[in-house]
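For reference, the structure is listed below as structure tokens.
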Amino acid sequence: MADLVITIDGPAASGKSTVARLLADRLGVSLLDTGAMYRAVTLAAMEAGIDITDEDDLLEVLETRRFEFSVVQGVTEAYVDGVDVTDRIRDPEVTAKARHIASARRVRERLVEMQRRLAGGRKKIVTEGRDQGTVAFSDADVKFYLTADAGERARRRQADLRAKGIDESVEQVQRTIESRDRSDERRAAGPLKPAPDAIIIDTTNLGIEEVVEKVLGIVRERCSEKL
Ligand code: DC
């Protein structure tokens, strides 16, 4: 177990990835983007041509392919059998299908084990996802849960998509986000929810810098002896 573990959970487009990256950078600690892990398994399963709703088939993909992750200048790079899939795991098709992998209980167990192993190899870590404070690191030093209303999250996601040359109406983006929220919240294993001891931050009316300052202040106050 790392000496310092900070978890950041929350729904899609709540700002958690950006906040986690900036926080890790400012504190000079490691970063773990666990969404990249679900995405890499999704991509590998799609490429293998298996039924992605079949848990046994998914486990076989997990066991037979080699998954590696590293962070380079704040970007989580993903490799499957040595091939760089960093960009491809962000494809909208992978995003849409990842929910099936995220609902597979035994796949989640393996990925949580992998997350603990990766964190164990680091001294201090910021880890972000959906179940980091509730399941993977339930004894983390500080837990954050970022949220924002669905309309605001849709506007943020639409801007991200536009930057990638993908044009979708804000209504369509919001429908997709709300459907992902339902799937994340309703699954039996590792559902999206704040840990009982998480600090909940509503980012609807906050800029990224304001959120980072708030989070940094809390971490400095609570973990001064470990920083
Ligand atoms: O945060 P993201 O959009 O990169 O996550 C990709 C998918 O993985 C999404 O369907 C939610 C899921 N996920 C999860 O179930 N648990 C995590 N700890 C991280 C991501």
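By order in the structure tokens, chains are A, B, ...; within a chain, residues start at 1; ligands start at 1, following the order shown.
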Determine, counting only C-alpha atoms, which protein, DNA and RNA residues have an atom within 10 Å of an atom of segment 205-207 of chain A; residues of the same chain fewer than 4 positions away are not included. Present the result as a short mmCIF file (atom, residue, chain, number, x, y, z; two decimals) with N, CA, C and O atoms, in the first residue's frame.
```
data_model
loop_
_atom_site.label_atom_id
_atom_site.label_comp_id
_atom_site.auth_asym_id
_atom_site.auth_seq_id
_atom_site.Cartn_x
_atom_site.Cartn_y
_atom_site.Cartn_z
N GLY A 15 -15.38 16.55 -14.14
CA GLY A 15 -14.12 17.27 -14.00
C GLY A 15 -13.06 16.45 -13.27
O GLY A 15 -11.95 16.90 -13.07
N ALA A 148 -21.62 17.27 -10.85
CA ALA A 148 -22.09 18.51 -11.47
C ALA A 148 -23.41 18.15 -12.13
O ALA A 148 -23.63 16.98 -12.45
N ASP A 149 -24.27 19.16 -12.36
CA ASP A 149 -25.56 18.76 -12.94
C ASP A 149 -25.36 18.30 -14.38
O ASP A 149 -24.38 18.65 -15.05
N GLU A 152 -24.71 20.81 -17.32
CA GLU A 152 -23.36 21.39 -17.32
C GLU A 152 -22.33 20.34 -17.79
O GLU A 152 -21.44 20.63 -18.59
N ILE A 201 -17.95 17.43 -3.79
CA ILE A 201 -17.79 18.78 -4.34
C ILE A 201 -18.65 18.90 -5.59
O ILE A 201 -18.44 18.15 -6.56
N VAL A 211 -11.72 24.32 -8.32
CA VAL A 211 -11.87 22.98 -7.74
C VAL A 211 -10.51 22.48 -7.26
O VAL A 211 -10.38 21.95 -6.15
N VAL A 212 -9.49 22.67 -8.08
CA VAL A 212 -8.14 22.19 -7.72
C VAL A 212 -7.67 22.88 -6.44
O VAL A 212 -7.13 22.23 -5.53
#
```
Excluding Leu111 of chain A and its own-chain neighbours fewer than 2 positions away, which residues fall within 10 Å of it when counting only C-alpha atoms? Please give them as a ChimeraX atom specification. /A:34,37-38,41,62,102,105-109,113-117,136
Store the residues picked out above, limited to N, CA and C atoms, as a CSV table (one decimal), in the first residue's frame.
```
chain,number,residue,atom,x,y,z
A,34,THR,N,-8.2,5.0,-13.7
A,34,THR,CA,-8.7,3.6,-13.8
A,34,THR,C,-9.7,3.5,-14.9
A,37,MET,N,-8.2,1.7,-17.8
A,37,MET,CA,-8.1,0.3,-17.7
A,37,MET,C,-9.4,-0.4,-18.2
A,38,TYR,N,-10.6,0.1,-17.8
A,38,TYR,CA,-11.8,-0.4,-18.4
A,38,TYR,C,-11.9,-0.2,-19.9
A,41,VAL,N,-9.5,-2.8,-21.7
A,41,VAL,CA,-10.1,-4.1,-21.8
A,41,VAL,C,-11.3,-4.1,-22.8
A,62,LEU,N,-8.7,-10.8,-20.6
A,62,LEU,CA,-7.9,-10.2,-19.5
A,62,LEU,C,-6.7,-11.0,-19.2
A,102,ALA,N,-17.6,-2.7,-17.5
A,102,ALA,CA,-17.6,-2.2,-16.1
A,102,ALA,C,-18.7,-2.9,-15.2
A,105,ARG,N,-18.7,-8.4,-12.9
A,105,ARG,CA,-18.2,-8.4,-11.5
A,105,ARG,C,-16.8,-9.0,-11.4
A,106,ARG,N,-16.5,-10.1,-12.1
A,106,ARG,CA,-15.2,-10.7,-11.9
A,106,ARG,C,-14.1,-9.9,-12.7
A,107,VAL,N,-14.5,-9.2,-13.7
A,107,VAL,CA,-13.5,-8.3,-14.4
A,107,VAL,C,-13.2,-7.2,-13.5
A,108,ARG,N,-14.2,-6.7,-12.8
A,108,ARG,CA,-13.9,-5.6,-11.8
A,108,ARG,C,-13.0,-6.0,-10.7
A,109,GLU,N,-13.2,-7.3,-10.2
A,109,GLU,CA,-12.3,-7.8,-9.2
A,109,GLU,C,-10.9,-7.8,-9.6
A,113,GLU,N,-7.7,-5.5,-8.3
A,113,GLU,CA,-6.5,-6.1,-7.8
A,113,GLU,C,-5.3,-5.4,-8.5
A,114,MET,N,-5.5,-5.2,-9.8
A,114,MET,CA,-4.4,-4.6,-10.6
A,114,MET,C,-4.2,-3.2,-10.1
A,115,GLN,N,-5.3,-2.5,-9.8
A,115,GLN,CA,-5.1,-1.1,-9.3
A,115,GLN,C,-4.4,-1.1,-8.0
A,116,ARG,N,-4.7,-2.0,-7.1
A,116,ARG,CA,-4.0,-2.1,-5.8
A,116,ARG,C,-2.5,-2.4,-6.0
A,117,ARG,N,-2.2,-3.2,-6.9
A,117,ARG,CA,-0.8,-3.6,-7.2
A,117,ARG,C,-0.1,-2.4,-7.8
A,136,ALA,N,-11.9,0.0,-4.1
A,136,ALA,CA,-10.5,-0.3,-4.4
A,136,ALA,C,-9.6,0.2,-3.2
```
Could the residues that lie within 8 Å of ligand 1, counting only C-alpha atoms and all ligand atoms, be listed as a PyMOL selection string? chain A and resi 9+11-13+17+33-39+90+95-103+108+128-132+180+184+190-192
Among listed residues A:Ala104, A:Leu146, A:Tyr79, A:Ala154, nearest Asp54 of chain A (using only C-alpha atoms): A:Ala104
Rounded to one decimal in Å, what is the spacing between atom CA of Phe137 of chain A and atom CA of Lys123 of chain A?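 Computing it gives 14.4 Å between the two atoms.
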Tell me, as a PyMOL selection string, which residues lie within 12 Å of Arg220 of chain A, counting only C-alpha atoms; anything in the same chain fewer than 3 positions away does not count. chain A and resi 4+6+23+26-27+141-142+212-217+223-227
Could you please determine the separation between atom CA of Glu60 of chain A and atom CA of Val94 of chain A in Å, to one decimal place?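 Value for the atom CA of Glu60 of chain A-atom CA of Val94 of chain A distance: 18.7 Å.
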Selection near Arg122 of chain A, 12 Å with only C-alpha atoms, sequence-local residues under 5 positions removed, as a PyMOL selection string: chain A and resi 1-5+28-32+115-117+127
Select, from A:Gly151, A:Asp56, A:Asp181, A:Thr86, the residue with the minimum atom-to-atom distance to Ser70 of chain A, counting only C-alpha atoms.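 Comparing A:Gly151, A:Asp56, A:Asp181, A:Thr86 against Ser70 of chain A, the winner is A:Thr86.
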Point-to-point distance in Å for atom CA of Asp197 of chain A and atom CA of Thr134 of chain A: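 So the answer is 9.2 Å.
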In segment 12-64 of chain A, DSSP strand (DSSP E) residues written as an MDAnalysis selection string: chainID A and resid 30:33
